[in-house]
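For reference, the structure is listed below as C-alpha cells.
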Amino acid sequence: MQFKYKIAGGDFTNAGNASSAVKKILKQLNVDHVISKHIVVALYEAEVNIVAHAYSGVIEVNIDENQIHIILDDKGPGIADIDQAMEEGYSTASPQVREMGFGAGMGLANMKRNADKMLISSEPGKGTKVELIHYLKPDAG
Amino acid sequence: MKTIKEIAEIIGGKVLCCHEKSDRHIEHAFASDLMSDVLTVEMDNLLLITGLANLQAIRTAEMSDISFIIFARNKKINSDIIALAEETGIMLIESPFSVFRISGELYKAGVKPVY
C-alpha cells in the first residue's frame, strides 16, 4: 500500500502531521512497537527537515509485508556537502527552527541511527531526496 | 514509585489535560528543551520536563511514546497545544518551578534518570 503527504516549507504548525498519520497506520497494521517507534522517529526528523529547510516536499510511504520504504523528496536549497551535513552538531538551521526545539545538527544522525537503511542524494539549488528503509520483521535485514 | 498526581503536587503543578492518567506511576524522567535529544531516548512511558511550550513538544512526545509532559516556569500553553495533547493522549502539567528545581524535586522523590 502507498500513502502520500504534501509538506509545506516553513509550516511549523503542521510539522509532524504526516509522521503522526503514519504512526496511526503502523498501529492499525500491528507493526511491532519498537520497530514502529524507530520508523516514526526517523520520519519525524526527516519531516521537520523539510519544514525547516525546503520550500515544499512530498513524502511517499510504501508498505509491504516485509518493509516500509519512505521517500522524502523536497524542492529546496539542497545539501552541498552531505558528509558534512551528516556530522553530528553541524547545522544550517535558522533561529526560528531552533526555537522549535530543533536545529542542533542531530537530525540526520538520528534518522540514520533509527533506519535500517538510509540514502540521501541532493542537487544544490534544486532539492534533496532521502530514502528511509525499515524492515518490519525484527529478524530481517 | 510516585503517581503522576503525586508528582504534580510536589512541583506545585496544575494539570491541563488528560486527568484520566492521574493514577499512572512514573519511574523515569528526562529533561530537555532540544527535541532531537528527546527523540534519541529509547525508553517508553517517560515523563518529559521541558521549557519548550509549542506543538513540536507534543509531536515529539507522540513519536517517542512519552505520555506525560511538565512545562516549567509557567509557560503559556495555548489551546492548540492542549487540543493536540488531548488528541494524542498526552497528559500536560504546568509548573511555576524551573526545569532545574522540578528535576531536583523529582529526583529527591525517587524518580529515576534515563542516563
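Following the order of the C-alpha cells, chains are lettered A, B, ..., residues in each are numbered from 1, and ligands are numbered from 1.
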
Selection near Arg59 of chain B, 8 Å with only C-alpha atoms, sequence-local residues under 4 positions removed, as a VMD selection string: (chain A and resid 16 20) or (chain B and resid 55 63)

I need the residues from that last selection saved to file as a PDB file, in the first residue's frame (with N, CA and C atoms), if you can.
```pdb
ATOM      1  N   GLY A  16       4.938  17.352  11.462  1.00  0.00           N
ATOM      2  CA  GLY A  16       4.670  16.168  12.279  1.00  0.00           C
ATOM      3  C   GLY A  16       3.336  15.510  11.957  1.00  0.00           C
ATOM      4  N   SER A  20       2.595  11.573  12.234  1.00  0.00           N
ATOM      5  CA  SER A  20       1.506  11.127  13.116  1.00  0.00           C
ATOM      6  C   SER A  20       0.549  10.196  12.365  1.00  0.00           C
TER       7      SER A  20
ATOM      8  N   LEU B  55       3.866  23.210  19.744  1.00  0.00           N
ATOM      9  CA  LEU B  55       3.255  21.986  19.205  1.00  0.00           C
ATOM     10  C   LEU B  55       4.293  20.888  18.988  1.00  0.00           C
ATOM     11  N   MET B  63       5.750  10.843  19.027  1.00  0.00           N
ATOM     12  CA  MET B  63       6.636   9.930  18.288  1.00  0.00           C
ATOM     13  C   MET B  63       7.466   9.071  19.251  1.00  0.00           C
TER      14      MET B  63
END
```

Looking only at strand (DSSP E or B) from DSSP on the backbone, list the matching residues of segment 23-110 of chain A as a PyMOL selection string. chain A and resi 56-63+67-75

Would you export the selected residues with C-alpha atoms as a CSV table (one decimal), in the first residue's frame, please?
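Final output, saved to result_4.csv:
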```csv
chain,number,residue,atom,x,y,z
A,56,SER,CA,8.0,22.2,-0.3
A,57,GLY,CA,8.2,18.4,-0.3
A,58,VAL,CA,6.4,15.2,-0.8
A,59,ILE,CA,6.6,12.1,1.5
A,60,GLU,CA,5.8,8.8,-0.2
A,61,VAL,CA,5.3,5.8,2.1
A,62,ASN,CA,5.3,2.4,0.6
A,63,ILE,CA,4.5,-0.5,2.9
A,67,GLN,CA,9.4,-3.5,4.8
A,68,ILE,CA,8.4,0.2,4.8
A,69,HIS,CA,10.1,2.3,2.3
A,70,ILE,CA,9.7,6.1,2.8
A,71,ILE,CA,10.8,8.6,0.1
A,72,LEU,CA,11.1,12.2,1.1
A,73,ASP,CA,11.6,14.4,-2.0
A,74,ASP,CA,11.9,18.2,-1.5
A,75,LYS,CA,12.3,21.3,-3.5
```

Taking a cut-off of 6 Å and counting only C-alpha atoms, can you build a table that, for each residue of chain A near chain B, reports the nearest atom pair and how far apart they are in Å (one decimal), sorted by chain then residue number, as a Markdown table?
```
| residue | atom | partner | partner_atom | distance |
| --- | --- | --- | --- | --- |
| A:Val40 | CA | B:Met63 | CA | 5.9 |
| A:Val41 | CA | B:Met63 | CA | 5.8 |
| A:Gly101 | CA | B:Leu34 | CA | 4.7 |
| A:Phe102 | CA | B:Met35 | CA | 5.9 |
```

Calculate how many Å separate atom CA of Met118 of chain A from atom CA of Tyr115 of chain B, rounding to one decimal. 27.3 Å

Polymer residues at most 6 Å from Val111 of chain B, only C-alpha atoms, same-chain spacing of 5 or more positions, as an NGL selection string: :B and (27-28 or 106)

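The space between atom CA of Gly107 of chain A and atom CA of Ala52 of chain A spans 11.1 Å.
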
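Using only C-alpha atoms for every distance, the candidate list A:Val97, A:Ile79, A:Val22, A:Met86 yields A:Val97 as the residue closest to Gly10 of chain A.
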
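Here the question is which of B:Cys18, B:Ala8, B:Val41, B:Ile26 gets nearest to Gly89 of chain B using only C-alpha atoms, and that residue is B:Cys18.
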
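With atom CA of Glu65 of chain A on one side and atom CA of Ala18 of chain A on the other, the separation reads 20.9 Å.
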
DSSP helix (DSSP H, G or I) selection over chain B, as a VMD selection string: chain B and resid 4 to 10 19 to 21 35 to 38 55 to 63 79 to 88 99 to 108

Fewer than 4 positions away in the same chain doesn't count, so skip those; otherwise give me all residues within 7 Å of segment 25-27 of chain A, counting only C-alpha atoms, as a VMD selection string. chain A and resid 21 31 36

Write the residues of the selection above to a file with C-alpha atoms, as an mmCIF file, in the first residue's frame.
```
data_model
loop_
_atom_site.group_PDB
_atom_site.id
_atom_site.type_symbol
_atom_site.label_atom_id
_atom_site.label_comp_id
_atom_site.auth_asym_id
_atom_site.auth_seq_id
_atom_site.Cartn_x
_atom_site.Cartn_y
_atom_site.Cartn_z
ATOM 1 C CA ALA A 21 -0.644 9.722 10.294
ATOM 2 C CA VAL A 31 3.648 -3.372 13.444
ATOM 3 C CA SER A 36 7.231 1.463 14.745
#
```

So that I can check the surroundings of Lys21 of chain B, please list as a PDB file with C-alpha atoms, in the first residue's frame every protein, DNA and RNA residue that reaches within 10 Å of it, counting only C-alpha atoms and ignoring chain neighbours fewer than 3 positions away.
```
ATOM      1  CA  THR B   3       1.846   8.550  40.676  1.00  0.00           C
ATOM      2  CA  ILE B   4       1.661  11.472  38.282  1.00  0.00           C
ATOM      3  CA  LYS B   5      -0.874  13.054  40.627  1.00  0.00           C
ATOM      4  CA  CYS B  17      -5.329  17.862  30.208  1.00  0.00           C
ATOM      5  CA  CYS B  18      -5.835  14.140  30.298  1.00  0.00           C
ATOM      6  CA  ARG B  24      -0.344   6.165  36.439  1.00  0.00           C
ATOM      7  CA  HIS B  25       3.049   5.570  38.024  1.00  0.00           C
ATOM      8  CA  SER B  67       2.712  10.120  27.893  1.00  0.00           C
ATOM      9  CA  PHE B  68       3.488  12.943  30.340  1.00  0.00           C
ATOM     10  CA  GLY B  89      -3.443  11.242  24.854  1.00  0.00           C
ATOM     11  CA  ILE B  90      -0.521  13.100  26.421  1.00  0.00           C
ATOM     12  CA  MET B  91      -1.020  14.463  29.921  1.00  0.00           C
TER      13      MET B  91
END
```

Using only C-alpha atoms, which residues sit within 6 Å of Ile69 of chain B once same-chain residues fewer than 2 positions away are excluded, as a PDB file with N, CA and C atoms, in the first residue's frame?
```pdb
ATOM      1  N   LEU B  47       8.491  10.561  31.585  1.00  0.00           N
ATOM      2  CA  LEU B  47       7.978  11.890  31.882  1.00  0.00           C
ATOM      3  C   LEU B  47       8.982  12.876  31.287  1.00  0.00           C
ATOM      4  N   LEU B  48       8.498  13.818  30.475  1.00  0.00           N
ATOM      5  CA  LEU B  48       9.381  14.827  29.889  1.00  0.00           C
ATOM      6  C   LEU B  48       9.211  16.149  30.637  1.00  0.00           C
ATOM      7  N   ILE B  49      10.338  16.712  31.061  1.00  0.00           N
ATOM      8  CA  ILE B  49      10.333  18.035  31.696  1.00  0.00           C
ATOM      9  C   ILE B  49      10.959  18.995  30.694  1.00  0.00           C
ATOM     10  N   LEU B  92      -0.641  16.840  30.228  1.00  0.00           N
ATOM     11  CA  LEU B  92       0.177  18.052  30.363  1.00  0.00           C
ATOM     12  C   LEU B  92       0.033  18.643  31.753  1.00  0.00           C
TER      13      LEU B  92
END
```

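For the choices A:Ser91, A:Gln96, A:Gln28, A:Ser19, the atom-to-atom distance to Ala109 of chain A is smallest for A:Ser91 when using only C-alpha atoms.
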
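Distances to Pro96 of chain B were evaluated for B:Ala61, B:Met1, B:Ile70, B:Ala31 using only C-alpha atoms, and the minimum falls at B:Ile70.
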